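Asks: Next up is a structure, given as structure tokens.
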Amino acid sequence: MVDEMTYRVGMTLENTAESTADKTADNTPEIIVEDTELATESLVAAQTATAGSEWWRTAVIYQIYPRSFADDDGNGIGDLAGITKRLPSLAELGIDAIWLSPFFRSPQRDAGYDVSDYCDVDPLFGNLADFDLLLETAHGLGLKVIADMVPNHTSADHEWFQAALAAPEGSPERDRYMFREGKGPNGDLPPNNWESVFGGSMWERTTNADGTPGQWFLHIFDKSQPDLNWENPWVREQFYDILRFWLDRGVDGFRVDVAHGMIKADGLPDYTPPADGASMGGAQVSAEVTPLEPIIQDSPPDPPYWGQEGVHEIWRGWHNVLAEYPGDRVLCAEAWVDPLEKVALWVRPDEMSQAFNFAYMFTDWKAPALKRVITESIKAFAEVGAPATWVLSNHDVVRHASRLSLPKDAPPQGAGIGPKTPGKPDPVLGLRRARAATSLMLALPGSAYLYQGEELGLPEDMELPDSARQDPTWFRTNGEKYGRDGCRVPIPWESDRPAFGFNDTGESWLPQPDEWVQYARDSQVGVPGSTLELYRAALQLRRDHGLGSGALTWVKGYDKKVVAFRNGDVTVLANLGKIAVELPVGEVLLASDDVTSGALPRDTTVWLRS
Ligand code: NOJ
């Protein structure tokens, strides 16, 4: 353990439990770096070591959901040409890379996560030339481009699946997917009891050419998304070629969909998930944890379709394909497993580069829980030499400007919220917390993900009419779960244009709420205190102070509702309590809300030069 370090920024500690103990002889209070596991030499060193030379170790990666970003042809669905035209505004924001959700050829039954041709652009979004222009423009602006690869399943429209349906049982074509005989005397019961993430059975029965019922096929998600058989070497080879197709065009890496789901346990044994389990697997982080309790509540054994040991061999193969290319290419795992030590298995040196930190995303707005998950994250990823990652919103979860003020009994992640959800989020408190949460996140070492629209402070759209909904979750649960449409509404650019500048025609595949006029980007540019300017300032300071490649040490001496840490020459204080705490003297670099009174109000984060 290193010696406990102390340093002074002239703070007062009247609101803290430790105020007496921490006063020094001359009565000037101190900030004391906690002697936690993070302050051990090995972990400080490990954090620093993870800030290696690859760009993605410290990158802020902005997720573009192509359907909803910018629509050049005006048909109401965003497209690649629209994205290209708006790239300069992302460069100005100060991000390092964009991740594009799928734009491949697809019947769009799961908004593009149902791919029917991995080596072409869907005409909805443009064509390969549009993609090449996007890539060239992004690179010209200094932005890396990450594509979204969806290998666990194809679309049912994919020629491989159509060939499998046409081929006889036991054929090589069928072996590319997960076909099985049904149970029961006539085979009319599904092969096991697995339930789809989107609701209903994970199995769908086929019909033979002569009209008789045939085999069943597995689909973890919608029945339009049959699972591939990744035990089959032919499948592996196809994807090596697909990766090379996009790497040859110049992409900087891949976000990998359902990277924990591709291998299923031998014999496909029955499995019943816990009632409150996260649908895609994932961490159950409780707001109520105390520092003495484990951050991740005891999780049940892995479902037989998530996190099987065999997936790691696949990622080693992908790692090797990326290594054939010059420069630093990234593989980012969407792996909903817990605890974090397990997530870290996906980012061992010979596998992927980063994994989303869903445990962090779903940690409630409570200081002890946040401190705990941050510590656990840094430790878990540093142990395998990978950067910690941080994320608060994406296209699958309720936007954090709403989620952070939802009542306790709100539905779990992925279930969505809508008109009948008990208790509405408080928009003012939600935005205030979202700004504080993002300000905290962007000061953490490692890599961070932003989801389009969060820089505008967009809330979840809870008032979508049922007739507009498109998420398969809504249909497969017969409207019991709203699903994810509320976080996917096209974003507002200019307050006085049709569809708020999403396009010129006013068309929008999901209707935009009228009140979103207040979030339009043009009404925030250059406006002090706007959410857009807060993001821009945070990203600039993060870069200037090298926070992405820094090392975090906790600072003690504050109320337990304050998250206080130091990263490089920046001290970060986030007050998650209801009562204002006194601000130490020091230069304020960034504040998520007004701190001119000398106090740090509730739900506010401040960065101080220390
Ligand atoms: C995870 C993606 O993020 C989600 O949007 C999609 O529905 C599922 N994987 C299935 O591909």
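The way I read the labels, and the way they are meant: chains A, B, ... in the order of the structure tokens, residue 1 as the first residue of every chain, and ligand 1 as the first ligand shown, with later ones counted on from there.
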Please identify the residues whose atoms come within 10 Å of ligand 1, using only C-alpha atoms and all ligand atoms, and report them as a PyMOL selection string.
Replies: chain A and resi 101-102+109-115+148-155+197-198+219-222+225+255-259+261+280+334-336+394-397+414+471-473+483-484
Asks: Please identify all polymer residues within 9 Å of Ile314 in chain A, counting only C-alpha atoms, omitting same-chain residues fewer than 6 positions from it, and present them as a list in words.
Replies: Trp230, Arg236, Met262 and Glu351 of chain A
Asks: Any chance you could export the current selection's all heavy atoms as a JSON list (two decimals), in the first residue's frame?
Replies:
```
[["chain", "number", "residue", "atom", "x", "y", "z"],
["A", 230, "TRP", "N", -22.72, -21.07, -33.76],
["A", 230, "TRP", "CA", -21.30, -20.66, -33.75],
["A", 230, "TRP", "C", -20.35, -21.81, -33.46],
["A", 230, "TRP", "O", -19.15, -21.62, -33.40],
["A", 230, "TRP", "CB", -21.12, -19.49, -32.80],
["A", 230, "TRP", "CG", -21.38, -18.20, -33.51],
["A", 230, "TRP", "CD1", -22.59, -17.59, -33.68],
["A", 230, "TRP", "CD2", -20.43, -17.41, -34.22],
["A", 230, "TRP", "NE1", -22.46, -16.45, -34.44],
["A", 230, "TRP", "CE2", -21.14, -16.31, -34.79],
["A", 230, "TRP", "CE3", -19.07, -17.49, -34.45],
["A", 230, "TRP", "CZ2", -20.51, -15.33, -35.55],
["A", 230, "TRP", "CZ3", -18.44, -16.51, -35.20],
["A", 230, "TRP", "CH2", -19.16, -15.44, -35.75],
["A", 236, "ARG", "N", -18.01, -19.26, -38.58],
["A", 236, "ARG", "CA", -16.86, -18.44, -38.13],
["A", 236, "ARG", "C", -16.12, -17.84, -39.32],
["A", 236, "ARG", "O", -15.76, -16.66, -39.31],
["A", 236, "ARG", "CB", -15.91, -19.29, -37.28],
["A", 236, "ARG", "CG", -16.61, -19.74, -36.02],
["A", 236, "ARG", "CD", -15.69, -20.47, -35.06],
["A", 236, "ARG", "NE", -16.52, -20.96, -33.96],
["A", 236, "ARG", "CZ", -16.16, -21.05, -32.71],
["A", 236, "ARG", "NH1", -14.96, -20.69, -32.35],
["A", 236, "ARG", "NH2", -16.99, -21.50, -31.79],
["A", 262, "MET", "N", -23.36, -16.18, -28.01],
["A", 262, "MET", "CA", -23.26, -16.94, -29.25],
["A", 262, "MET", "C", -23.11, -18.45, -29.07],
["A", 262, "MET", "O", -23.39, -19.21, -29.97],
["A", 262, "MET", "CB", -22.10, -16.38, -30.05],
["A", 262, "MET", "CG", -22.13, -14.90, -29.86],
["A", 262, "MET", "SD", -21.28, -13.81, -30.88],
["A", 262, "MET", "CE", -20.74, -14.63, -32.24],
["A", 351, "GLU", "N", -8.35, -10.86, -26.49],
["A", 351, "GLU", "CA", -9.76, -10.90, -26.92],
["A", 351, "GLU", "C", -10.19, -9.52, -27.41],
["A", 351, "GLU", "O", -9.62, -8.99, -28.35],
["A", 351, "GLU", "CB", -10.64, -11.42, -25.78],
["A", 351, "GLU", "CG", -10.33, -12.87, -25.43],
["A", 351, "GLU", "CD", -11.40, -13.52, -24.58],
["A", 351, "GLU", "OE1", -12.59, -13.22, -24.76],
["A", 351, "GLU", "OE2", -11.03, -14.32, -23.71]]
```
Asks: From the DSSP assignment of the backbone, select every residue of range 518-599 of chain A that is alpha helix (DSSP H), and format the answer as a list of chain:residue names.
Replies: A:Thr531, A:Leu532, A:Glu533, A:Leu534, A:Tyr535, A:Arg536, A:Ala537, A:Ala538, A:Leu539, A:Gln540, A:Leu541, A:Arg542, A:Arg543, A:Asp544
Asks: At what distance in Å, to one decimal, does CA of Pro459 in chain A lie from CA of Ser402 in chain A?
Replies: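 We find that CA of Ser402 in chain A and CA of Pro459 in chain A lie 5.3 Å from each other.
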Asks: Need the shell around Asp130 in chain A: protein/DNA/RNA residues with any atom at most 10 Å away, counting only C-alpha atoms. Skip same-chain ones fewer than 6 positions apart. Format as a list in words?
Replies: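 The residues satisfying every condition are Asp79, Leu80, Ala81, Gly82, Ile83, Thr84, Val121 and Glu136 of chain A.
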Asks: Could you name the residues that touch Gly423 in chain A at 7 Å or less, counting only C-alpha atoms, but leaving out those on the same chain fewer than 2 positions away, as a PyMOL selection string?
Replies: chain A and resi 407+421+425
Asks: Please provide as a list in words all residues within 12 Å of Pro528 in chain A, with the sequence filter that same-chain residues fewer than 4 positions apart are discarded (counting only C-alpha atoms).
Replies: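 In the requested format, the answer is Ser523, Gln524, Leu532, Glu533, Leu534, Tyr535, Arg536, Ala537, Leu590, Ala591, Ser592, Asp593 and Asp594 of chain A.
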Asks: Record the distance separating CA of Val373 in chain A and CA of Tyr360 in chain A, expressed in Å with one decimal.
Replies: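 Interatomic distance, CA of Val373 in chain A to CA of Tyr360 in chain A: 6.1 Å.
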